[in-house]
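Heads up, structure_23.cif below (mmCIF, C-alpha atoms and all ligand atoms):
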```cif
data_target
#
loop_
_atom_site.label_atom_id
_atom_site.label_comp_id
_atom_site.auth_asym_id
_atom_site.auth_seq_id
_atom_site.Cartn_x
_atom_site.Cartn_y
_atom_site.Cartn_z
CA MET A 1 20.93 94.06 23.37
CA ILE A 2 22.12 95.31 26.77
CA ARG A 3 25.81 94.47 27.05
CA VAL A 4 26.60 93.46 30.63
CA SER A 5 29.75 92.43 32.49
CA VAL A 6 29.81 90.72 35.88
CA VAL A 7 32.48 91.06 38.56
CA GLY A 8 32.54 88.35 41.25
CA ALA A 9 31.15 85.89 38.73
CA ALA A 10 32.52 82.86 40.60
CA GLY A 11 30.71 83.81 43.81
CA TYR A 12 27.24 82.70 44.82
CA THR A 13 25.29 85.76 43.75
CA GLY A 14 27.54 86.54 40.77
CA GLY A 15 27.14 82.96 39.55
CA GLU A 16 23.35 83.20 39.81
CA ALA A 17 23.43 86.54 37.99
CA CYS A 18 25.49 85.03 35.14
CA ALA A 19 23.05 82.11 34.83
CA LEU A 20 20.09 84.51 34.57
CA LEU A 21 21.83 86.86 32.14
CA ALA A 22 22.96 83.98 29.93
CA ARG A 23 19.34 83.06 29.19
CA HIS A 24 18.03 86.64 29.06
CA PRO A 25 16.91 87.31 25.47
CA GLY A 26 17.83 91.01 25.67
CA VAL A 27 21.30 90.69 27.21
CA ARG A 28 24.76 89.80 25.97
CA ILE A 29 27.39 88.99 28.60
CA GLU A 30 30.54 90.92 27.66
CA GLY A 31 32.80 89.71 30.43
CA ARG A 32 32.93 87.72 33.65
CA PHE A 33 35.64 88.36 36.19
CA GLY A 34 36.87 86.85 39.46
CA SER A 35 39.56 87.97 41.87
CA ARG A 36 43.28 87.19 41.90
CA ARG A 37 42.52 84.46 44.43
CA ALA A 38 40.34 82.75 41.85
CA GLN A 39 43.19 82.38 39.44
CA THR A 40 45.49 80.83 41.99
CA ALA A 41 42.63 78.47 42.90
CA GLY A 42 42.48 77.31 39.28
CA SER A 43 39.30 79.12 38.20
CA GLU A 44 38.70 79.64 34.49
CA LEU A 45 37.64 83.22 35.16
CA PRO A 46 40.19 85.94 34.49
CA PRO A 47 41.07 88.07 37.51
CA LEU A 48 39.56 91.51 37.41
CA ASP A 49 41.44 94.08 35.36
CA VAL A 50 39.43 97.27 35.06
CA GLU A 51 40.86 98.24 31.68
CA THR A 52 40.03 94.84 30.22
CA LEU A 53 36.53 95.05 31.70
CA LEU A 54 35.94 98.51 30.20
CA ASP A 55 37.53 97.79 26.82
CA PRO A 56 34.32 96.48 25.14
CA ARG A 57 32.42 99.44 26.68
CA PRO A 58 29.74 97.45 28.53
CA ASP A 59 26.43 99.25 29.02
CA ALA A 60 26.20 97.96 32.59
CA VAL A 61 28.38 96.19 35.14
CA LEU A 62 27.02 94.00 37.93
CA LEU A 63 29.23 94.04 41.00
CA ALA A 64 28.78 90.87 43.06
CA THR A 65 31.80 91.71 45.18
CA PRO A 66 32.60 92.47 48.83
CA HIS A 67 31.37 95.88 50.05
CA ASP A 68 34.79 97.58 50.14
CA VAL A 69 35.68 96.25 46.67
CA SER A 70 32.41 97.62 45.21
CA ALA A 71 32.94 100.98 46.90
CA GLU A 72 36.31 101.36 45.15
CA LEU A 73 35.25 99.94 41.79
CA ALA A 74 31.92 101.65 41.14
CA PRO A 75 33.27 105.23 40.83
CA ARG A 76 35.85 104.11 38.24
CA LEU A 77 33.25 102.29 36.18
CA LEU A 78 30.77 105.18 36.32
CA ALA A 79 33.49 107.64 35.31
CA ALA A 80 34.10 105.50 32.21
CA GLY A 81 30.40 105.68 31.28
CA ALA A 82 29.20 102.25 32.45
CA ARG A 83 26.06 101.96 34.55
CA VAL A 84 26.47 99.97 37.74
CA ILE A 85 24.27 97.63 39.75
CA ASP A 86 26.01 96.85 43.00
CA LEU A 87 24.87 93.82 44.95
CA SER A 88 26.91 94.76 48.01
CA GLY A 89 26.03 97.25 50.75
CA ALA A 90 28.53 99.85 49.48
CA PHE A 91 25.89 102.31 48.27
CA ARG A 92 22.82 101.39 50.31
CA LEU A 93 23.16 103.75 53.26
CA GLY A 94 22.65 107.46 52.63
CA ASP A 95 24.94 108.77 55.37
CA PRO A 96 28.69 108.19 54.83
CA ALA A 97 29.17 108.40 58.62
CA ASP A 98 27.35 105.05 58.94
CA TYR A 99 29.99 103.16 56.90
CA PRO A 100 32.79 102.88 59.49
CA ARG A 101 30.34 101.52 62.07
CA TRP A 102 28.34 99.10 59.93
CA TYR A 103 30.79 98.18 57.19
CA GLY A 104 34.18 98.81 58.77
CA PHE A 105 35.55 101.30 56.21
CA THR A 106 35.46 104.99 55.46
CA HIS A 107 33.49 105.47 52.27
CA PRO A 108 35.78 106.38 49.36
CA ALA A 109 33.00 107.95 47.23
CA PRO A 110 30.46 109.54 49.60
CA GLU A 111 29.20 111.84 46.83
CA LEU A 112 27.67 108.80 45.12
CA LEU A 113 25.49 107.80 48.09
CA GLU A 114 22.94 110.46 47.25
CA GLU A 115 22.83 109.51 43.58
CA ALA A 116 22.47 105.76 44.12
CA VAL A 117 18.93 104.45 43.70
CA TYR A 118 17.99 101.93 46.39
CA GLY A 119 16.78 99.13 44.15
CA LEU A 120 13.86 97.58 46.02
CA THR A 121 12.27 97.25 42.60
CA GLU A 122 8.61 97.22 43.61
CA TRP A 123 9.05 100.54 45.46
CA CYS A 124 11.22 102.40 42.96
CA ASP A 125 8.48 104.02 40.85
CA ARG A 126 10.33 105.57 37.91
CA ARG A 127 13.60 106.24 39.71
CA LEU A 128 15.29 103.30 38.00
CA ASP A 129 14.56 104.62 34.52
CA GLY A 130 17.90 105.66 33.07
CA CYS A 131 19.69 105.85 36.45
CA ARG A 132 23.47 105.24 36.58
CA LEU A 133 23.94 103.52 39.92
CA VAL A 134 21.69 101.03 41.70
CA ALA A 135 22.31 99.89 45.26
CA ASN A 136 20.70 96.47 45.17
CA PRO A 137 19.08 95.85 48.58
CA GLY A 138 20.28 93.32 51.11
CA CYS A 139 18.57 89.93 51.18
CA TYR A 140 17.11 90.30 54.69
CA ALA A 141 16.18 93.90 53.93
CA THR A 142 14.29 92.90 50.78
CA SER A 143 12.19 90.33 52.62
CA ALA A 144 11.50 92.63 55.60
CA LEU A 145 10.69 95.72 53.53
CA LEU A 146 8.37 94.01 51.04
CA ALA A 147 6.34 92.76 54.03
CA LEU A 148 6.46 95.98 56.03
CA ARG A 149 6.15 98.89 53.62
CA PRO A 150 2.50 98.45 52.59
CA LEU A 151 1.46 98.54 56.28
CA LEU A 152 3.56 101.41 57.61
CA ALA A 153 0.88 104.10 57.55
CA ALA A 154 -1.50 101.80 59.46
CA LEU A 155 0.94 101.00 62.29
CA ASP A 156 0.85 102.48 65.77
CA PRO A 157 3.98 104.69 66.03
CA ASP A 158 4.09 104.17 69.79
CA HIS A 159 4.71 100.45 69.38
CA GLY A 160 7.89 98.87 68.17
CA ILE A 161 8.27 96.62 65.14
CA VAL A 162 10.05 93.28 65.56
CA CYS A 163 11.56 91.42 62.63
CA ASP A 164 12.73 87.91 63.37
CA ALA A 165 14.47 86.57 60.25
CA LYS A 166 16.12 83.30 59.24
CA SER A 167 18.53 82.78 56.37
CA GLY A 168 20.08 79.77 54.68
CA VAL A 169 23.86 79.40 54.75
CA SER A 170 24.51 80.74 51.23
CA GLY A 171 23.68 84.18 52.68
CA ALA A 172 27.23 84.28 53.98
CA GLY A 173 28.74 83.85 50.51
CA ARG A 174 31.22 81.30 49.29
CA ARG A 175 34.18 82.28 51.46
CA PRO A 176 35.48 79.50 53.71
CA ASP A 177 34.63 80.08 57.36
CA ALA A 178 34.39 77.39 60.04
CA ALA A 179 31.18 78.92 61.45
CA TYR A 180 29.42 78.12 58.17
CA SER A 181 30.89 74.66 57.63
CA PHE A 182 28.58 71.64 57.33
CA ALA A 183 29.54 70.29 60.75
CA GLU A 184 28.67 73.58 62.47
CA VAL A 185 25.43 74.27 60.62
CA SER A 186 23.82 70.88 59.98
CA GLY A 187 21.37 69.91 62.72
CA ASN A 188 21.91 73.28 64.34
CA PHE A 189 20.06 76.61 64.52
CA ARG A 190 21.23 79.88 66.05
CA ALA A 191 20.64 83.60 66.24
CA TYR A 192 23.44 86.04 65.47
CA GLY A 193 23.88 89.81 65.23
CA ALA A 194 21.11 90.28 67.78
CA ALA A 195 22.83 93.35 69.24
CA GLY A 196 22.93 95.02 65.80
CA HIS A 197 23.18 93.83 62.20
CA ARG A 198 24.01 96.02 59.19
CA HIS A 199 20.64 95.36 57.56
CA GLU A 200 18.95 97.09 60.51
CA PRO A 201 19.99 100.66 59.52
CA GLU A 202 19.23 99.75 55.90
CA ILE A 203 15.67 98.66 56.77
CA ARG A 204 15.16 101.68 59.04
CA GLN A 205 16.27 104.02 56.27
CA ALA A 206 14.22 102.38 53.49
CA ALA A 207 11.11 102.19 55.69
CA ASP A 208 11.67 105.82 56.73
CA LEU A 209 11.38 104.95 60.44
CA ALA A 210 11.82 107.97 62.72
CA PRO A 211 15.07 107.86 64.78
CA GLY A 212 13.25 107.17 68.06
CA ARG A 213 10.96 104.49 66.61
CA SER A 214 11.64 101.09 68.09
CA PHE A 215 12.69 98.48 65.53
CA VAL A 216 14.38 95.22 66.51
CA PHE A 217 15.87 92.97 63.84
CA VAL A 218 17.30 89.56 64.78
CA PRO A 219 18.76 87.28 62.08
CA HIS A 220 19.20 83.53 62.47
CA LEU A 221 21.20 80.94 60.57
CA LEU A 222 19.02 78.14 59.19
CA PRO A 223 20.54 74.78 58.24
CA VAL A 224 19.39 75.05 54.61
CA VAL A 225 21.39 76.27 51.61
CA ARG A 226 19.09 78.98 50.30
CA GLY A 227 16.11 81.01 51.36
CA ILE A 228 15.06 83.66 53.88
CA LEU A 229 11.94 83.64 56.02
CA SER A 230 11.15 86.86 57.90
CA THR A 231 8.47 87.09 60.56
CA LEU A 232 7.36 90.63 61.39
CA HIS A 233 5.38 91.48 64.52
CA VAL A 234 3.44 94.75 64.23
CA VAL A 235 0.77 96.67 66.18
CA PHE A 236 -1.85 98.65 64.26
CA ARG A 237 -3.17 102.12 65.18
CA ALA A 238 -6.69 100.75 65.18
CA PRO A 239 -8.07 97.21 64.93
CA MET A 240 -7.82 95.89 61.37
CA THR A 241 -9.85 93.24 59.57
CA GLU A 242 -8.28 90.67 57.26
CA ARG A 243 -9.93 92.54 54.42
CA ASP A 244 -8.26 95.82 55.48
CA VAL A 245 -4.79 94.30 55.59
CA ALA A 246 -5.25 92.30 52.38
CA GLY A 247 -6.43 95.55 50.75
CA LEU A 248 -3.20 97.34 51.71
CA PHE A 249 -1.07 94.53 50.29
CA HIS A 250 -3.10 94.34 47.09
CA GLU A 251 -2.90 98.08 46.57
CA ALA A 252 0.88 97.94 46.95
CA TYR A 253 1.49 94.89 44.76
CA GLU A 254 -1.34 94.60 42.25
CA ARG A 255 1.11 95.50 39.48
CA ALA A 256 4.09 93.63 40.97
CA PRO A 257 4.49 90.38 39.01
CA LEU A 258 7.14 88.96 41.34
CA VAL A 259 5.32 89.44 44.66
CA ARG A 260 2.68 86.82 45.46
CA LEU A 261 0.14 87.47 48.20
CA LEU A 262 -1.34 84.50 50.02
CA PRO A 263 -4.96 84.47 51.19
CA PRO A 264 -5.45 85.89 54.74
CA GLY A 265 -4.50 83.34 57.40
CA GLU A 266 -2.13 81.41 55.11
CA LEU A 267 1.59 81.69 55.69
CA PRO A 268 4.26 81.13 53.04
CA GLU A 269 7.05 78.53 53.02
CA LEU A 270 10.64 78.61 51.82
CA ALA A 271 10.31 75.64 49.48
CA ALA A 272 7.79 77.55 47.35
CA VAL A 273 10.28 80.32 46.50
CA ALA A 274 13.70 78.62 46.55
CA GLY A 275 15.08 78.84 43.01
CA THR A 276 12.51 81.48 41.97
CA PRO A 277 12.69 85.29 41.57
CA ARG A 278 9.55 85.73 43.69
CA CYS A 279 8.72 86.93 47.20
CA ASP A 280 5.65 85.34 48.83
CA ILE A 281 3.86 87.18 51.66
CA GLY A 282 1.15 86.04 54.08
CA PHE A 283 -0.29 87.32 57.36
CA VAL A 284 -2.44 86.44 60.35
CA LEU A 285 -4.17 88.89 62.69
CA ARG A 286 -4.09 88.52 66.49
CA GLU A 287 -5.78 90.24 69.43
CA GLN A 288 -8.93 91.24 67.51
CA GLY A 289 -6.93 92.75 64.69
CA ARG A 290 -4.77 95.02 66.83
CA ARG A 291 -1.65 92.96 66.14
CA GLY A 292 -0.37 91.45 62.91
CA VAL A 293 2.12 88.67 62.19
CA ILE A 294 3.45 89.04 58.66
CA VAL A 295 5.65 86.39 57.06
CA SER A 296 7.63 86.84 53.86
CA VAL A 297 9.86 84.33 52.08
CA LEU A 298 12.31 84.67 49.21
CA ASP A 299 15.45 83.11 47.79
CA ASN A 300 18.34 85.15 49.18
CA LEU A 301 20.48 84.54 46.09
CA LEU A 302 17.66 85.53 43.68
CA LYS A 303 15.02 88.04 44.86
CA GLY A 304 17.47 88.82 47.68
CA ALA A 305 20.31 89.48 45.21
CA ALA A 306 20.77 88.33 41.58
CA SER A 307 17.22 88.24 40.18
CA GLN A 308 16.39 91.56 41.82
CA ALA A 309 19.54 92.92 40.13
CA VAL A 310 18.22 91.67 36.77
CA GLN A 311 14.77 93.13 37.56
CA ASN A 312 16.53 96.46 38.17
CA LEU A 313 18.62 96.11 35.01
CA ASN A 314 15.43 95.58 33.01
CA ARG A 315 13.84 98.68 34.50
CA MET A 316 16.99 100.80 34.01
CA PHE A 317 16.99 99.95 30.33
CA GLY A 318 13.24 100.30 29.78
CA ARG A 319 12.52 96.60 29.35
CA ASP A 320 9.82 94.44 30.86
CA GLU A 321 10.62 93.91 34.53
CA THR A 322 10.38 90.12 34.36
CA GLU A 323 12.32 89.62 31.12
CA GLY A 324 14.77 86.73 31.53
CA LEU A 325 13.31 85.85 34.93
CA LEU A 326 10.10 83.90 34.35
N1 LIG A 401 24.89 85.65 49.48
C1 LIG A 401 23.77 86.36 49.55
O1 LIG A 401 22.68 85.83 49.86
C2 LIG A 401 23.78 87.83 49.25
C3 LIG A 401 22.54 88.47 49.10
C4 LIG A 401 22.52 89.85 48.80
C5 LIG A 401 23.72 90.52 48.67
N2 LIG A 401 24.90 89.88 48.82
C6 LIG A 401 26.13 90.67 48.63
O2 LIG A 401 26.62 90.39 47.33
C7 LIG A 401 28.05 90.43 47.31
C8 LIG A 401 28.56 89.07 46.83
O3 LIG A 401 28.11 88.09 47.75
P1 LIG A 401 28.27 86.53 47.51
O4 LIG A 401 27.46 85.89 48.55
O5 LIG A 401 28.07 86.21 46.08
O6 LIG A 401 29.83 86.40 47.90
P2 LIG A 401 30.89 85.29 47.44
O7 LIG A 401 30.21 84.02 47.10
O8 LIG A 401 31.92 85.29 48.51
O9 LIG A 401 31.49 85.93 46.11
C9 LIG A 401 32.21 87.14 46.13
C10 LIG A 401 32.94 87.27 44.81
O10 LIG A 401 33.70 88.48 44.83
C11 LIG A 401 34.95 88.23 44.21
N3 LIG A 401 35.97 89.17 44.67
C12 LIG A 401 36.44 89.33 45.94
N4 LIG A 401 37.38 90.29 45.96
C13 LIG A 401 37.51 90.73 44.68
C14 LIG A 401 38.32 91.71 44.06
N5 LIG A 401 39.19 92.44 44.77
N6 LIG A 401 38.21 91.90 42.74
C15 LIG A 401 37.34 91.18 42.03
N7 LIG A 401 36.52 90.23 42.55
C16 LIG A 401 36.62 90.02 43.86
C17 LIG A 401 35.27 86.81 44.62
O11 LIG A 401 36.13 86.28 43.67
P3 LIG A 401 36.97 84.93 43.91
O12 LIG A 401 36.00 83.85 44.18
O13 LIG A 401 37.63 84.82 42.61
O14 LIG A 401 37.87 85.23 45.06
C18 LIG A 401 33.90 86.14 44.55
O15 LIG A 401 33.64 85.64 43.26
C19 LIG A 401 28.48 90.75 48.75
O16 LIG A 401 28.72 92.11 48.86
C20 LIG A 401 27.26 90.34 49.57
O17 LIG A 401 27.16 91.08 50.78
C21 LIG A 401 24.96 88.54 49.08
#
```

Show me this structure written as structure tokens.
Amino acid sequence: MIRVSVVGAAGYTGGEACALLARHPGVRIEGRFGSRRAQTAGSELPPLDVETLLDPRPDAVLLATPHDVSAELAPRLLAAGARVIDLSGAFRLGDPADYPRWYGFTHPAPELLEEAVYGLTEWCDRRLDGCRLVANPGCYATSALLALRPLLAALDPDHGIVCDAKSGVSGAGRRPDAAYSFAEVSGNFRAYGAAGHRHEPEIRQAADLAPGRSFVFVPHLLPVVRGILSTLHVVFRAPMTERDVAGLFHEAYERAPLVRLLPPGELPELAAVAGTPRCDIGFVLREQGRRGVIVSVLDNLLKGAASQAVQNLNRMFGRDETEGLL
């Protein structure tokens, strides 16, 4: 049994993680913690106390907490011998100098950024085996990268990549904010962060895009509760056939049980992945195969957060990647 504790268990992603772990045959949940605010709001969860959390010596701790909270907590947990999967952005970027700009704080543990494994599970090879710290990818980043990475070597470096992405409202977490209230979101649709969103440097880094390479990422807020749909516009070095592009995707994901490839010309839909740990990907070719439109969909709270965290937990502890998920 892997003994796991969850911090932020009353939040959207922490709650999903607890539900998955509770039915995972190889996991025992040692503790679930909220914040001090939770207690005053009448939650049954105890507020986080690090000594109480560490007392039963959990093998792993899932942090489903705000970025700055994770950045402070993870070093203490690692020092006590727990392994950490962090769902926030606190350990995703490799350069500490990026944190003040994109996350609004100076990183308290920059030495851990190099050690953290960026947990886009399908692209981790064996780096998750036995690692201590996983930076679970962002929800938008997961959907963009799963669609983009298989094609990178075939793309024309002189042309930019555009990622136009839409997320359901649960992407913003449970915190109260008028901009995400029913009256503002229902019957509405809007772009945000078009001048720069923190998942943009994350995607650039994980796709290894050269500094001068044009990449434009624009997120939108969809009036649904869960799900992300990303549309990527790419230009190939040389004209591609459907068979060429399908071949690249199949090569990348033939041993990836949680990525489903649609037949060429078919595009995926949110309803097919909401509530599942899967990412579905489809594409169409334009302009005689010079241009591609790639669409990927996933559930932001699952493959974009909690189920990917469980996938990573399984890999860290040498278990089947899909255990507890299918
Ligand atoms: N929502 C998504 O689609 C998504 C996807 C990928 C990654 N993420 C990331 O995952 C993390 C959690 O997101 P979420 O959407 O689940 O947020 P959320 O619904 O707002 O939940 C955050 C949780 O963190 C707890 N918390 C806040 N401050 C704390 C502290 N000082 N000590 C202990 N617990 C504290 C909160 O506890 P109380 O409720 O008790 O205050 C709450 O349970 C964030 O970093 C987010 O960026 C979210």

### Message
Using all atoms listed in the file, which residues have at least one atom no more than 6 Å from ligand LIG 401 (chain A)? Output them as number ranges by chain.
### Response
A: 7-14, 34-35, 37-38, 48, 64-67, 69, 87-88, 138-139, 170-175, 300-301, 304-305

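From atom CA of A:Val224 back to atom CA of A:Phe189, the distance works out to 10.1 Å.
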
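Closest approach to A:Ala238 among A:Glu51, A:Asp280, A:Glu16, A:Asp156: A:Asp156, based on all atoms listed in the file.
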
### Task
Have a look at A:Glu269, A:Glu287, A:Asp244, A:Glu251 and name the one nearest to A:Ala154; count only C-alpha atoms.
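Of all the options, A:Asp244 lies closest to A:Ala154.
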
### Task
Point out the residue among A:Leu326, A:Val6, A:Leu232, A:Val162 with the least atom-to-atom distance to A:Pro257, counting all atoms listed in the file.
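Closest candidate: A:Leu326.
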
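Here atom CA of A:Ala165 is placed at a distance of 25.9 Å from atom CA of A:Ser70.
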
### Message
as a list in words, please: the residues near A:Leu298 (cut-off 7 Å, all atoms listed in the file, same-chain neighbours under 3 positions excluded).
### Response
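Answer for this query is Ser143, Gly227, Ile228, Leu229, Leu270, Val273, Ala274, Arg278, Cys279, Asp280, Lys303 and Gly304 of chain A.
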
### Query
Could you name the residues that touch stretch 190-195 of chain A at 8 Å or less, counting all atoms listed in the file, but leaving out those on the same chain fewer than 6 positions away, as an MDAnalysis selection string?
chainID A and resid 217:222

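Across the model, the gap from atom CA of A:Cys163 to atom CA of A:His233 is 6.5 Å.
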
### Query
Of the residues A:Glu242, A:Asp177, A:Glu323, A:Glu202, which is the one nearest to A:Leu120, using all atoms listed in the file?
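Closest candidate: A:Glu202.
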
### Query
Which residues, written as a ChimeraX atom specification, have at least one atom at most 10 Å from stretch 21-33 of chain A, with only C-alpha atoms counted and residues fewer than 2 positions away on the same chain left out?
/A:1-10,14-19,35-36,38,44-50,52-63,306-307,310,313-314,319,322-326

Any chance you can output those residues with C-alpha atoms as a CSV table (one decimal), in the coordinates of the input?
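Result written to again-v1.csv:
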```csv
chain,number,residue,atom,x,y,z
A,1,MET,CA,20.9,94.1,23.4
A,2,ILE,CA,22.1,95.3,26.8
A,3,ARG,CA,25.8,94.5,27.0
A,4,VAL,CA,26.6,93.5,30.6
A,5,SER,CA,29.8,92.4,32.5
A,6,VAL,CA,29.8,90.7,35.9
A,7,VAL,CA,32.5,91.1,38.6
A,8,GLY,CA,32.5,88.4,41.2
A,9,ALA,CA,31.2,85.9,38.7
A,10,ALA,CA,32.5,82.9,40.6
A,14,GLY,CA,27.5,86.5,40.8
A,15,GLY,CA,27.1,83.0,39.6
A,16,GLU,CA,23.4,83.2,39.8
A,17,ALA,CA,23.4,86.5,38.0
A,18,CYS,CA,25.5,85.0,35.1
A,19,ALA,CA,23.0,82.1,34.8
A,35,SER,CA,39.6,88.0,41.9
A,36,ARG,CA,43.3,87.2,41.9
A,38,ALA,CA,40.3,82.8,41.8
A,44,GLU,CA,38.7,79.6,34.5
A,45,LEU,CA,37.6,83.2,35.2
A,46,PRO,CA,40.2,85.9,34.5
A,47,PRO,CA,41.1,88.1,37.5
A,48,LEU,CA,39.6,91.5,37.4
A,49,ASP,CA,41.4,94.1,35.4
A,50,VAL,CA,39.4,97.3,35.1
A,52,THR,CA,40.0,94.8,30.2
A,53,LEU,CA,36.5,95.0,31.7
A,54,LEU,CA,35.9,98.5,30.2
A,55,ASP,CA,37.5,97.8,26.8
A,56,PRO,CA,34.3,96.5,25.1
A,57,ARG,CA,32.4,99.4,26.7
A,58,PRO,CA,29.7,97.4,28.5
A,59,ASP,CA,26.4,99.2,29.0
A,60,ALA,CA,26.2,98.0,32.6
A,61,VAL,CA,28.4,96.2,35.1
A,62,LEU,CA,27.0,94.0,37.9
A,63,LEU,CA,29.2,94.0,41.0
A,306,ALA,CA,20.8,88.3,41.6
A,307,SER,CA,17.2,88.2,40.2
A,310,VAL,CA,18.2,91.7,36.8
A,313,LEU,CA,18.6,96.1,35.0
A,314,ASN,CA,15.4,95.6,33.0
A,319,ARG,CA,12.5,96.6,29.4
A,322,THR,CA,10.4,90.1,34.4
A,323,GLU,CA,12.3,89.6,31.1
A,324,GLY,CA,14.8,86.7,31.5
A,325,LEU,CA,13.3,85.8,34.9
A,326,LEU,CA,10.1,83.9,34.4
```

### Query
Could you name the residues that touch A:Met240 at 12 Å or less, counting all atoms listed in the file, but leaving out those on the same chain fewer than 2 positions away, as a VMD selection string?
chain A and resid 151 154 to 156 234 to 238 242 to 248 284 to 292

### Top pick for closest residue to A:Asp208, considering A:Asn188, A:Ala179, A:Ser167, A:Ala153 and counting only C-alpha atoms
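Smallest distance to A:Asp208 is found for A:Ala153.
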
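Using only C-alpha atoms, the smallest distance between any of A:Pro75, A:Gly318, A:Pro176, A:Gly94 and A:Glu114 comes from A:Gly94.
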
How would you write as a compact mmCIF listing (two decimals) with C-alpha atoms, keeping the file's coordinate frame the residues that get within 12 Å of (14.4, 101.9, 65.9) in the file's frame, counting all atoms listed in the file?
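Result file is part33.txt:
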```txt
# COMPACT_ATOMS: atom_id res chain seq x y z
CA PRO A 157 3.98 104.69 66.03
CA ASP A 158 4.09 104.17 69.79
CA HIS A 159 4.71 100.45 69.38
CA GLY A 160 7.89 98.87 68.17
CA ILE A 161 8.27 96.62 65.14
CA VAL A 162 10.05 93.28 65.56
CA CYS A 163 11.56 91.42 62.63
CA GLY A 196 22.93 95.02 65.80
CA GLU A 200 18.95 97.09 60.51
CA PRO A 201 19.99 100.66 59.52
CA GLU A 202 19.23 99.75 55.90
CA ILE A 203 15.67 98.66 56.77
CA ARG A 204 15.16 101.68 59.04
CA GLN A 205 16.27 104.02 56.27
CA ALA A 207 11.11 102.19 55.69
CA ASP A 208 11.67 105.82 56.73
CA LEU A 209 11.38 104.95 60.44
CA ALA A 210 11.82 107.97 62.72
CA PRO A 211 15.07 107.86 64.78
CA GLY A 212 13.25 107.17 68.06
CA ARG A 213 10.96 104.49 66.61
CA SER A 214 11.64 101.09 68.09
CA PHE A 215 12.69 98.48 65.53
CA VAL A 216 14.38 95.22 66.51
CA PHE A 217 15.87 92.97 63.84
```

### Sphere at (-5.5, 83.1, 53.1), radius 10 Å, counting all atoms listed in the file: residues as a ChimeraX atom specification
/A:242,246,261-268,282-284
